[in-house]
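Structure below is work.txt: compact mmCIF, C-alpha atoms.
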```txt
# COMPACT_ATOMS: atom_id res chain seq x y z
CA MET A 124 -34.83 76.65 -46.26
CA THR A 125 -33.70 73.83 -48.29
CA LYS A 126 -33.28 70.35 -47.02
CA ARG A 127 -29.86 69.15 -47.54
CA SER A 128 -29.92 66.25 -49.75
CA TYR A 129 -27.03 64.25 -50.72
CA SER A 130 -26.41 62.88 -54.05
CA SER A 131 -26.52 59.15 -54.13
CA MET A 132 -22.80 59.06 -54.74
CA GLU A 133 -22.10 61.16 -51.74
CA GLN A 134 -24.55 59.10 -49.77
CA GLN A 135 -22.80 55.98 -50.81
CA SER A 136 -19.37 57.25 -49.88
CA MET A 137 -20.68 58.48 -46.57
CA ASP A 138 -22.22 55.12 -45.94
CA ARG A 139 -19.02 53.42 -46.92
CA ASN A 140 -17.03 55.54 -44.53
CA ALA A 141 -19.48 54.82 -41.74
CA VAL A 142 -19.25 51.13 -42.45
CA GLY A 143 -15.50 51.40 -42.83
CA LEU A 144 -15.21 53.04 -39.47
CA ALA A 145 -17.45 50.43 -37.94
CA THR A 146 -15.43 47.70 -39.55
CA TRP A 147 -12.19 49.14 -38.27
CA ARG A 148 -13.63 49.52 -34.82
CA SER A 149 -14.99 46.02 -34.67
CA ALA A 150 -11.77 44.67 -36.12
CA LEU A 151 -9.85 46.42 -33.40
CA ILE A 152 -12.17 45.12 -30.73
CA PHE A 153 -11.89 41.68 -32.23
CA ILE A 154 -8.10 41.80 -32.20
CA VAL A 155 -7.88 43.19 -28.70
CA THR A 156 -10.32 40.57 -27.43
CA GLY A 157 -8.48 37.85 -29.26
CA VAL A 158 -5.15 38.89 -27.83
CA GLY A 159 -6.69 39.25 -24.39
CA LEU A 160 -8.25 35.78 -24.56
CA TYR A 161 -5.00 34.32 -25.81
CA PHE A 162 -3.09 35.66 -22.84
CA TYR A 163 -5.84 34.58 -20.48
CA PHE A 164 -5.81 31.02 -21.77
CA GLU A 165 -2.04 30.86 -21.70
CA SER A 166 -1.98 31.93 -18.09
CA GLU A 167 -4.70 29.43 -17.18
CA LYS A 168 -2.83 26.65 -18.98
CA LYS A 169 0.29 27.57 -17.08
CA LYS A 170 -1.58 27.47 -13.79
CA VAL A 171 -2.99 24.02 -14.55
CA LYS A 172 0.46 22.78 -15.51
CA GLU A 173 1.96 24.14 -12.33
CA ARG A 174 -0.75 22.59 -10.24
CA LYS A 175 -0.28 19.23 -11.90
CA ALA A 176 3.48 19.37 -11.36
CA ALA A 177 2.94 20.26 -7.73
CA GLU A 178 0.56 17.35 -7.32
CA LEU A 179 2.98 14.88 -8.80
CA ALA A 180 5.87 16.16 -6.74
CA ASN A 181 3.86 16.28 -3.57
CA VAL A 182 3.46 12.96 -1.82
CA LYS A 183 0.51 14.15 0.17
CA THR A 184 -1.97 15.15 -2.50
CA GLY A 185 -4.69 12.71 -3.50
CA ARG A 186 -4.05 10.08 -0.84
CA PRO A 187 -6.48 7.26 -0.27
CA LYS A 188 -8.39 7.42 2.97
CA VAL A 189 -6.53 4.78 4.94
CA GLY A 190 -6.26 4.87 8.68
CA GLY A 191 -8.49 5.96 11.50
CA PRO A 192 -9.42 5.38 15.13
CA PHE A 193 -8.98 1.96 16.69
CA THR A 194 -8.59 0.39 20.15
CA LEU A 195 -6.55 -2.76 20.59
CA THR A 196 -4.22 -4.31 23.14
CA ASP A 197 -0.45 -4.47 22.81
CA GLN A 198 1.69 -7.48 23.65
CA ASP A 199 2.08 -6.31 27.24
CA GLY A 200 -1.65 -6.12 27.79
CA LYS A 201 -1.85 -2.33 27.61
CA GLU A 202 -4.49 -0.52 25.61
CA PHE A 203 -3.20 0.94 22.35
CA THR A 204 -5.13 3.35 20.17
CA GLU A 205 -4.46 5.45 17.09
CA GLN A 206 -3.43 8.23 19.48
CA ASP A 207 -0.40 6.20 20.47
CA LEU A 208 0.84 6.37 16.90
CA LEU A 209 0.86 10.17 16.71
CA GLY A 210 4.11 12.09 16.79
CA LYS A 211 6.11 9.31 15.13
CA TRP A 212 6.12 7.60 11.78
CA SER A 213 4.76 4.08 11.80
CA LEU A 214 4.97 0.97 9.68
CA ILE A 215 1.92 -1.21 10.20
CA TYR A 216 1.67 -4.82 9.07
CA PHE A 217 -1.47 -6.92 9.34
CA GLY A 218 -0.85 -10.63 9.72
CA PHE A 219 -1.22 -13.59 12.03
CA THR A 220 1.18 -15.72 14.03
CA ASN A 221 0.19 -18.98 12.31
CA CYS A 222 1.25 -17.55 8.98
CA PRO A 223 3.39 -20.03 6.97
CA ASP A 224 5.74 -17.81 5.07
CA ILE A 225 4.71 -14.34 4.05
CA CYS A 226 4.24 -12.74 7.47
CA PRO A 227 7.61 -13.74 8.89
CA ASP A 228 9.31 -12.59 5.71
CA GLU A 229 7.52 -9.26 5.69
CA LEU A 230 8.09 -8.72 9.40
CA ASP A 231 11.78 -9.45 8.95
CA LYS A 232 11.84 -6.97 6.12
CA MET A 233 10.06 -4.37 8.23
CA GLY A 234 12.67 -4.90 10.93
CA ALA A 235 15.42 -4.37 8.36
CA VAL A 236 13.70 -1.18 7.21
CA VAL A 237 13.52 0.09 10.79
CA ASP A 238 17.24 -0.57 11.24
CA LEU A 239 18.07 1.28 8.03
CA ILE A 240 15.88 4.20 9.06
CA GLU A 241 17.35 4.37 12.55
CA LYS A 242 20.85 4.42 11.12
CA LYS A 243 20.05 7.57 9.20
CA HIS A 244 17.33 9.30 11.17
CA GLY A 245 18.03 8.15 14.70
CA ALA A 246 16.19 5.94 17.13
CA ASP A 247 12.47 6.11 17.82
CA VAL A 248 11.61 7.90 14.62
CA VAL A 249 9.48 5.05 13.31
CA ILE A 250 7.37 2.50 15.17
CA PRO A 251 6.95 -0.96 13.60
CA VAL A 252 3.53 -2.39 14.39
CA PHE A 253 2.15 -5.88 13.84
CA VAL A 254 -1.63 -6.21 13.98
CA SER A 255 -3.15 -9.65 14.23
CA VAL A 256 -6.05 -10.46 11.95
CA ASP A 257 -6.56 -13.75 13.79
CA PRO A 258 -7.97 -12.67 17.14
CA ALA A 259 -9.28 -16.18 17.90
CA ARG A 260 -5.80 -17.66 18.11
CA ASP A 261 -3.54 -14.66 18.61
CA SER A 262 -3.86 -13.86 22.27
CA VAL A 263 -1.73 -11.17 23.88
CA SER A 264 0.77 -13.76 25.11
CA GLN A 265 0.81 -15.43 21.70
CA VAL A 266 1.63 -12.16 20.01
CA LYS A 267 4.32 -11.41 22.55
CA LYS A 268 5.94 -14.80 22.00
CA TYR A 269 5.79 -14.38 18.25
CA LEU A 270 7.31 -10.93 18.29
CA SER A 271 10.16 -11.97 20.56
CA GLU A 272 11.81 -13.30 17.41
CA PHE A 273 11.46 -10.11 15.43
CA HIS A 274 12.65 -6.54 15.83
CA PRO A 275 12.76 -5.56 19.52
CA LYS A 276 10.95 -2.29 18.88
CA MET A 277 8.01 -3.99 17.19
CA ILE A 278 4.65 -3.51 18.83
CA GLY A 279 2.06 -6.27 18.49
CA LEU A 280 -1.64 -5.55 18.64
CA THR A 281 -4.57 -7.86 19.07
CA GLY A 282 -8.02 -7.70 20.56
CA PRO A 283 -11.58 -9.00 20.35
CA TYR A 284 -12.91 -9.86 16.91
CA ASP A 285 -14.98 -6.69 16.55
CA ALA A 286 -12.09 -4.41 17.49
CA VAL A 287 -9.84 -6.08 14.94
CA LYS A 288 -12.55 -5.95 12.31
CA LYS A 289 -13.02 -2.22 12.97
CA MET A 290 -9.34 -1.47 12.58
CA CYS A 291 -9.12 -3.50 9.40
CA LYS A 292 -12.07 -1.59 8.04
CA VAL A 293 -10.54 1.86 8.56
CA TYR A 294 -7.22 0.64 7.25
CA ARG A 295 -8.92 -0.98 4.27
CA VAL A 296 -7.35 -4.29 5.10
CA TYR A 297 -9.08 -7.38 3.84
CA PHE A 298 -9.06 -10.42 6.06
CA SER A 299 -10.98 -13.62 5.95
CA THR A 300 -11.15 -14.76 9.58
CA PRO A 301 -14.64 -15.90 10.46
CA ALA A 302 -16.20 -14.60 13.66
CA GLU A 303 -16.70 -18.01 15.23
CA VAL A 304 -13.72 -20.31 15.24
CA LYS A 305 -13.60 -23.55 17.19
CA PRO A 306 -10.65 -23.78 19.58
CA GLY A 307 -7.70 -25.68 18.21
CA GLU A 308 -8.84 -25.25 14.63
CA ASP A 309 -6.13 -25.24 12.00
CA TYR A 310 -6.65 -22.67 9.28
CA LEU A 311 -4.92 -19.92 7.38
CA VAL A 312 -6.15 -16.36 7.17
CA ASP A 313 -6.39 -14.71 3.82
CA HIS A 314 -5.27 -11.14 4.24
CA SER A 315 -3.95 -8.28 2.22
CA ILE A 316 -0.20 -8.46 2.28
CA TYR A 317 0.87 -4.88 2.64
CA PHE A 318 2.48 -2.83 5.30
CA TYR A 319 1.50 0.77 5.58
CA LEU A 320 3.61 3.83 6.25
CA MET A 321 1.75 6.42 8.31
CA ASP A 322 3.03 9.90 9.07
CA PRO A 323 3.32 11.50 12.53
CA LYS A 324 -0.19 12.92 12.09
CA GLY A 325 -1.51 9.39 11.69
CA GLU A 326 -2.21 9.83 7.99
CA PHE A 327 -1.51 7.31 5.27
CA VAL A 328 1.57 7.85 3.13
CA ASP A 329 2.31 4.65 1.23
CA ALA A 330 1.80 0.90 1.12
CA PHE A 331 4.53 -1.68 0.49
CA GLY A 332 4.29 -5.29 -0.51
CA LYS A 333 6.32 -8.36 -1.23
CA ALA A 334 7.90 -6.78 -4.28
CA ASN A 335 9.46 -3.88 -2.36
CA THR A 336 12.90 -4.48 -0.88
CA ALA A 337 13.92 -3.03 2.49
CA LYS A 338 16.20 -0.53 0.70
CA GLU A 339 13.35 0.64 -1.54
CA VAL A 340 11.07 1.13 1.43
CA LYS A 341 13.75 3.08 3.24
CA ALA A 342 14.27 5.30 0.17
CA LYS A 343 10.55 6.03 0.02
CA PHE A 344 10.61 6.80 3.72
CA ASP A 345 13.40 9.32 3.19
CA LYS A 346 11.34 11.05 0.51
CA ALA A 347 8.30 11.13 2.76
CA VAL A 348 10.31 12.70 5.56
CA GLU A 349 11.63 15.36 3.19
CA ALA A 350 8.14 16.17 1.95
CA TRP A 351 6.96 16.29 5.53
CA LYS A 352 9.72 18.66 6.59
CA ALA A 353 9.07 20.87 3.56
CA GLU A 354 5.52 21.37 4.68
CA GLU A 355 6.33 22.27 8.25
CA MET B 233 -1.41 -25.26 19.93
CA ASP B 234 1.45 -22.84 19.82
CA PRO B 235 2.36 -21.43 16.43
CA PRO B 236 5.80 -22.49 15.24
CA ASN B 237 8.70 -20.29 16.19
CA ARG B 238 11.47 -19.30 13.85
CA THR B 239 13.36 -22.58 14.23
CA GLN B 240 10.27 -24.66 13.70
CA ARG B 241 9.30 -22.60 10.70
CA GLN B 242 12.75 -23.13 9.28
CA ARG B 243 12.47 -26.89 9.83
CA CYS B 244 9.10 -26.92 8.11
CA TRP B 245 10.45 -25.02 5.13
CA GLU B 246 13.39 -27.37 4.85
CA ALA B 247 11.13 -30.43 4.92
CA ARG B 248 8.96 -28.79 2.30
CA ASP B 249 11.94 -28.05 0.09
CA ALA B 250 13.23 -31.61 0.39
CA TYR B 251 9.83 -32.94 -0.68
CA TYR B 252 9.60 -30.57 -3.61
CA LYS B 253 13.10 -31.45 -4.70
CA CYS B 254 11.97 -35.04 -4.87
CA LEU B 255 8.94 -34.03 -6.92
CA ASP B 256 11.12 -31.97 -9.24
CA SER B 257 13.39 -34.94 -9.86
CA LEU B 258 10.32 -36.94 -10.89
CA LYS B 259 9.05 -34.00 -12.96
CA VAL B 260 5.85 -33.98 -10.95
CA ASN B 261 4.28 -30.59 -10.40
CA THR B 262 1.27 -31.40 -8.28
CA PRO B 263 2.05 -32.90 -4.88
CA GLY B 264 0.19 -36.16 -4.56
CA GLU B 265 0.67 -37.23 -8.17
CA GLU B 266 4.01 -38.88 -7.57
CA GLY B 267 2.43 -42.22 -6.77
CA GLY B 268 4.03 -42.78 -3.40
CA LYS B 269 7.59 -42.32 -4.66
CA CYS B 270 8.55 -39.56 -2.19
CA ALA B 271 6.93 -41.26 0.78
CA GLU B 272 9.76 -40.44 3.18
CA GLU B 273 9.81 -36.77 2.26
CA VAL B 274 6.03 -36.54 2.45
CA ALA B 275 6.05 -38.01 5.94
CA ALA B 276 8.76 -35.62 7.11
CA PHE B 277 6.90 -32.68 5.54
CA SER B 278 3.59 -33.55 7.21
CA LYS B 279 5.34 -33.97 10.52
CA ALA B 280 7.25 -30.69 10.40
CA CYS B 281 4.38 -28.50 9.27
CA ALA B 282 0.79 -27.86 10.27
CA ALA B 283 -1.80 -29.35 7.93
CA SER B 284 -2.96 -25.92 6.81
CA TRP B 285 0.61 -25.03 5.93
CA VAL B 286 1.10 -28.23 3.94
CA GLU B 287 -2.05 -27.48 1.99
CA HIS B 288 -0.98 -23.87 1.48
CA PHE B 289 2.49 -24.76 0.26
CA ASN B 290 1.24 -27.50 -2.05
CA ARG B 291 -1.29 -25.17 -3.61
CA LYS B 292 1.34 -22.49 -3.92
CA ARG B 293 3.71 -24.86 -5.68
CA VAL B 294 1.22 -25.61 -8.40
CA PHE B 295 0.34 -21.94 -8.77
CA ASP B 296 3.97 -20.79 -8.88
CA ILE B 297 4.89 -23.36 -11.52
CA LYS B 298 1.93 -22.35 -13.67
CA GLN B 299 2.76 -18.68 -13.26
CA ALA B 300 6.41 -19.20 -14.17
CA ALA B 301 5.37 -21.09 -17.29
CA ALA B 302 2.92 -18.35 -18.24
CA LEU B 303 5.57 -15.66 -17.79
CA ARG B 304 7.94 -17.62 -19.99
CA GLY B 305 5.23 -17.57 -22.61
CA GLY B 306 4.62 -21.29 -22.39
```
Show me, as structure tokens, the structure contained in the file I just sent.
Amino acid sequence: MTKRSYSSMEQQSMDRNAVGLATWRSALIFIVTGVGLYFYFESEKKKVKERKAAELANVKTGRPKVGGPFTLTDQDGKEFTEQDLLGKWSLIYFGFTNCPDICPDELDKMGAVVDLIEKKHGADVVIPVFVSVDPARDSVSQVKKYLSEFHPKMIGLTGPYDAVKKMCKVYRVYFSTPAEVKPGEDYLVDHSIYFYLMDPKGEFVDAFGKANTAKEVKAKFDKAVEAWKAEE
Amino acid sequence: MDPPNRTQRQRCWEARDAYYKCLDSLKVNTPGEEGGKCAEEVAAFSKACAASWVEHFNRKRVFDIKQAAALRGG
């Protein structure tokens, strides 16, 4: 019995073939993996792009946490809570009746927005709300008197200092009224000058300021309604 | 004290505007620096508006003028 021995040349060529086969195999694996990874990444990229586009198009994604439970009194002395806002859209403005210029302008604008909205979407689709950040001076009767000169549908809310402070906190509204105010004191309240659009679920949609015209606000409202309907 | 209603607000704004027109004609930006020249307008302004409003509007005037100048690149 003789051991088979290969000549070195044969050995070498055998080795080379073995290596060659290995090389081909690994090359194939490499290519297949590469192609697979390429398709995987492309599909992931596409998904991210789609998600981003959806986020931008969708008004609801990534909203700040504005809004929450509160208990105040309306201009007719009735209790009014966040529950009373549900089922309708609402525009909420925080101000005070002794306000020199901005509040009356913004409330007039809000009234104009409500009229524009009602023309297109019908009555009682949106509730305009005025919340006083000056509880010391803005009694229920004060608020009622003040609102008599603005949109008839506007609801005015006031209450004890702590209740107002609580609502301002959940609505992220800054106001500077001190807790103790002497009667008859003359002062202005520093407050954030925005009015907020909330959806029928009581969730924040958008905030508008001095720079937004009534028409612009109404256009944004239309978009919000469309987005809302699309999700139903 | 009752807050001013729409008519009273309007009257206050008009008194304010009359005073500021006087200041503009004297090229005075800051209310109070006109050296008593718009005395009549000042009196009408103080009468038509609450003190806090007068202070607010006067401060606003100075701020608005500065801001306008800044926006113009002045």
What are the closest atom pairs, with distances in Å to one decimal, for each residue of chain A lying within 12 Å of chain B, using all atoms listed in the file, rows by chain and rising residue number, as CSV?
```
residue,atom,partner,partner_atom,distance
A:Phe219,CA,B:Pro235,CA,9.7
A:Thr220,CA,B:Pro235,CA,6.3
A:Asn221,CA,B:Pro235,CA,5.3
A:Cys222,CA,B:Trp285,CA,8.1
A:Pro223,CA,B:Trp285,CA,5.8
A:Asp224,CA,B:Arg241,CA,8.2
A:Ile225,CA,B:Phe289,CA,11.3
A:Cys226,CA,B:Arg241,CA,11.5
A:Pro227,CA,B:Arg238,CA,8.4
A:Asp228,CA,B:Arg238,CA,10.8
A:Leu230,CA,B:Arg238,CA,12.0
A:Asp231,CA,B:Arg238,CA,11.0
A:Arg260,CA,B:Met233,CA,9.0
A:Asp261,CA,B:Pro235,CA,9.2
A:Ser262,CA,B:Asp234,CA,10.7
A:Ser264,CA,B:Asp234,CA,10.5
A:Gln265,CA,B:Asp234,CA,7.7
A:Val266,CA,B:Pro235,CA,10.0
A:Lys267,CA,B:Asn237,CA,11.8
A:Lys268,CA,B:Asn237,CA,8.5
A:Tyr269,CA,B:Asn237,CA,6.9
A:Leu270,CA,B:Asn237,CA,9.7
A:Ser271,CA,B:Asn237,CA,9.5
A:Glu272,CA,B:Arg238,CA,7.0
A:Phe273,CA,B:Arg238,CA,9.3
A:Pro306,CA,B:Met233,CA,9.4
A:Gly307,CA,B:Met233,CA,6.5
A:Glu308,CA,B:Met233,CA,9.1
A:Asp309,CA,B:Ser284,CA,6.1
A:Tyr310,CA,B:Ser284,CA,5.5
A:Leu311,CA,B:Ser284,CA,6.3
A:Val312,CA,B:Ser284,CA,10.1
A:Asp313,CA,B:His288,CA,10.9
```
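Counting only C-alpha atoms, the residue from A:Ser131, A:Ala145, A:Lys341, A:Glu205 that sits nearest to Glu241 of chain A is A:Lys341.
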Answer as a ChimeraX atom specification, residues within 7 Å of (8.0, -5.1, 14.2) using all atoms listed in the file: /A:230,233-234,251-253,273-274,276-278
For atom CA of Asp296 of chain B and atom CA of Asn261 of chain B, the interatomic separation in Å (one decimal):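 So the two atoms, atom CA of Asp296 of chain B and atom CA of Asn261 of chain B, lie 9.9 Å apart.
The space between atom CA of Pro263 of chain B and atom CA of Tyr251 of chain B spans 8.8 Å.
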Å distance separating atom CA of Lys168 of chain A from atom CA of Trp351 of chain A, one decimal place: 28.4 Å
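Comparing A:Pro258, A:Gly191, A:Gly200, A:Gly157 by their smallest distance to Tyr294 of chain A, the closest is A:Gly191 (using all atoms listed in the file).
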Selected residue of minimal separation from Gly264 of chain B among B:Gly305, B:Phe295, B:Ala250, B:Asn290, counting all atoms listed in the file: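 The closest residue to Gly264 of chain B is B:Asn290.
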Fewer than 6 positions away in the same chain doesn't count, so skip those; otherwise give me all residues within 12 Å of Cys270 of chain B, counting only C-alpha atoms, as a PDB file with C-alpha atoms, in the coordinates of the input.
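selection33.pdb was written with the following content:
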```pdb
ATOM      1  CA  ALA B 247      11.130 -30.430   4.920  1.00  0.00           C
ATOM      2  CA  ARG B 248       8.960 -28.790   2.300  1.00  0.00           C
ATOM      3  CA  ALA B 250      13.230 -31.610   0.390  1.00  0.00           C
ATOM      4  CA  TYR B 251       9.830 -32.940  -0.680  1.00  0.00           C
ATOM      5  CA  TYR B 252       9.600 -30.570  -3.610  1.00  0.00           C
ATOM      6  CA  LYS B 253      13.100 -31.450  -4.700  1.00  0.00           C
ATOM      7  CA  CYS B 254      11.970 -35.040  -4.870  1.00  0.00           C
ATOM      8  CA  LEU B 255       8.940 -34.030  -6.920  1.00  0.00           C
ATOM      9  CA  ASP B 256      11.120 -31.970  -9.240  1.00  0.00           C
ATOM     10  CA  SER B 257      13.390 -34.940  -9.860  1.00  0.00           C
ATOM     11  CA  LEU B 258      10.320 -36.940 -10.890  1.00  0.00           C
ATOM     12  CA  VAL B 260       5.850 -33.980 -10.950  1.00  0.00           C
ATOM     13  CA  PRO B 263       2.050 -32.900  -4.880  1.00  0.00           C
ATOM     14  CA  GLY B 264       0.190 -36.160  -4.560  1.00  0.00           C
ATOM     15  CA  ALA B 276       8.760 -35.620   7.110  1.00  0.00           C
ATOM     16  CA  PHE B 277       6.900 -32.680   5.540  1.00  0.00           C
TER      17      PHE B 277
END
```
Place all heavy atoms on segment 244-254 of chain B and deliver the coordinates as a short mmCIF file (atom, residue, chain, number, x, y, z; two decimals), in the coordinates of the input.
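The new file selection-v3.cif reads:
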```cif
data_model
loop_
_atom_site.label_atom_id
_atom_site.label_comp_id
_atom_site.auth_asym_id
_atom_site.auth_seq_id
_atom_site.Cartn_x
_atom_site.Cartn_y
_atom_site.Cartn_z
N CYS B 244 10.23 -26.63 9.00
CA CYS B 244 9.10 -26.92 8.11
C CYS B 244 9.47 -26.59 6.67
O CYS B 244 9.24 -27.38 5.76
CB CYS B 244 7.87 -26.12 8.55
SG CYS B 244 6.56 -26.04 7.32
N TRP B 245 10.06 -25.42 6.49
CA TRP B 245 10.45 -25.02 5.13
C TRP B 245 11.46 -25.98 4.52
O TRP B 245 11.42 -26.29 3.34
CB TRP B 245 11.02 -23.59 5.15
CG TRP B 245 10.03 -22.54 5.55
CD1 TRP B 245 8.68 -22.67 5.63
CD2 TRP B 245 10.33 -21.20 5.94
NE1 TRP B 245 8.12 -21.49 6.07
CE2 TRP B 245 9.10 -20.57 6.25
CE3 TRP B 245 11.52 -20.46 6.07
CZ2 TRP B 245 9.03 -19.24 6.68
CZ3 TRP B 245 11.44 -19.14 6.48
CH2 TRP B 245 10.20 -18.54 6.79
N GLU B 246 12.38 -26.46 5.37
CA GLU B 246 13.39 -27.37 4.85
C GLU B 246 12.76 -28.70 4.44
O GLU B 246 13.10 -29.26 3.40
CB GLU B 246 14.49 -27.60 5.89
CG GLU B 246 15.46 -26.42 5.96
CD GLU B 246 16.35 -26.46 7.18
OE1 GLU B 246 16.32 -27.48 7.91
OE2 GLU B 246 17.05 -25.47 7.42
N ALA B 247 11.81 -29.18 5.26
CA ALA B 247 11.13 -30.43 4.92
C ALA B 247 10.33 -30.26 3.63
O ALA B 247 10.29 -31.14 2.77
CB ALA B 247 10.20 -30.84 6.06
N ARG B 248 9.71 -29.09 3.52
CA ARG B 248 8.96 -28.79 2.30
C ARG B 248 9.87 -28.82 1.08
O ARG B 248 9.56 -29.43 0.05
CB ARG B 248 8.29 -27.42 2.43
CG ARG B 248 7.71 -26.90 1.14
CD ARG B 248 7.50 -25.39 1.20
NE ARG B 248 8.77 -24.69 1.29
CZ ARG B 248 8.89 -23.37 1.47
NH1 ARG B 248 7.82 -22.63 1.60
NH2 ARG B 248 10.07 -22.81 1.55
N ASP B 249 11.02 -28.13 1.22
CA ASP B 249 11.94 -28.05 0.09
C ASP B 249 12.49 -29.41 -0.30
O ASP B 249 12.67 -29.70 -1.48
CB ASP B 249 13.09 -27.08 0.41
CG ASP B 249 12.59 -25.64 0.55
OD1 ASP B 249 11.51 -25.35 0.03
OD2 ASP B 249 13.29 -24.83 1.18
N ALA B 250 12.73 -30.27 0.70
CA ALA B 250 13.23 -31.61 0.39
C ALA B 250 12.18 -32.39 -0.41
O ALA B 250 12.49 -33.07 -1.38
CB ALA B 250 13.56 -32.34 1.69
N TYR B 251 10.92 -32.26 0.01
CA TYR B 251 9.83 -32.94 -0.68
C TYR B 251 9.71 -32.44 -2.12
O TYR B 251 9.60 -33.22 -3.07
CB TYR B 251 8.52 -32.73 0.09
CG TYR B 251 7.29 -33.28 -0.57
CD1 TYR B 251 7.29 -34.53 -1.19
CD2 TYR B 251 6.11 -32.55 -0.59
CE1 TYR B 251 6.15 -35.04 -1.79
CE2 TYR B 251 4.96 -33.05 -1.18
CZ TYR B 251 4.99 -34.29 -1.80
OH TYR B 251 3.86 -34.77 -2.38
N TYR B 252 9.76 -31.14 -2.28
CA TYR B 252 9.60 -30.57 -3.61
C TYR B 252 10.77 -30.91 -4.52
O TYR B 252 10.61 -31.05 -5.74
CB TYR B 252 9.37 -29.06 -3.54
CG TYR B 252 8.04 -28.67 -2.97
CD1 TYR B 252 7.73 -27.36 -2.64
CD2 TYR B 252 7.05 -29.63 -2.72
CE1 TYR B 252 6.50 -27.01 -2.12
CE2 TYR B 252 5.83 -29.29 -2.20
CZ TYR B 252 5.56 -27.98 -1.89
OH TYR B 252 4.33 -27.64 -1.36
N LYS B 253 11.94 -31.06 -3.91
CA LYS B 253 13.10 -31.45 -4.70
C LYS B 253 12.86 -32.84 -5.27
O LYS B 253 13.16 -33.12 -6.44
CB LYS B 253 14.36 -31.45 -3.82
CG LYS B 253 15.62 -31.13 -4.58
CD LYS B 253 16.68 -30.58 -3.66
CE LYS B 253 18.06 -31.05 -4.13
NZ LYS B 253 18.99 -31.09 -3.01
N CYS B 254 12.29 -33.69 -4.41
CA CYS B 254 11.97 -35.04 -4.87
C CYS B 254 10.97 -34.97 -6.01
O CYS B 254 11.12 -35.66 -7.03
CB CYS B 254 11.43 -35.86 -3.70
SG CYS B 254 10.91 -37.53 -4.14
#
```
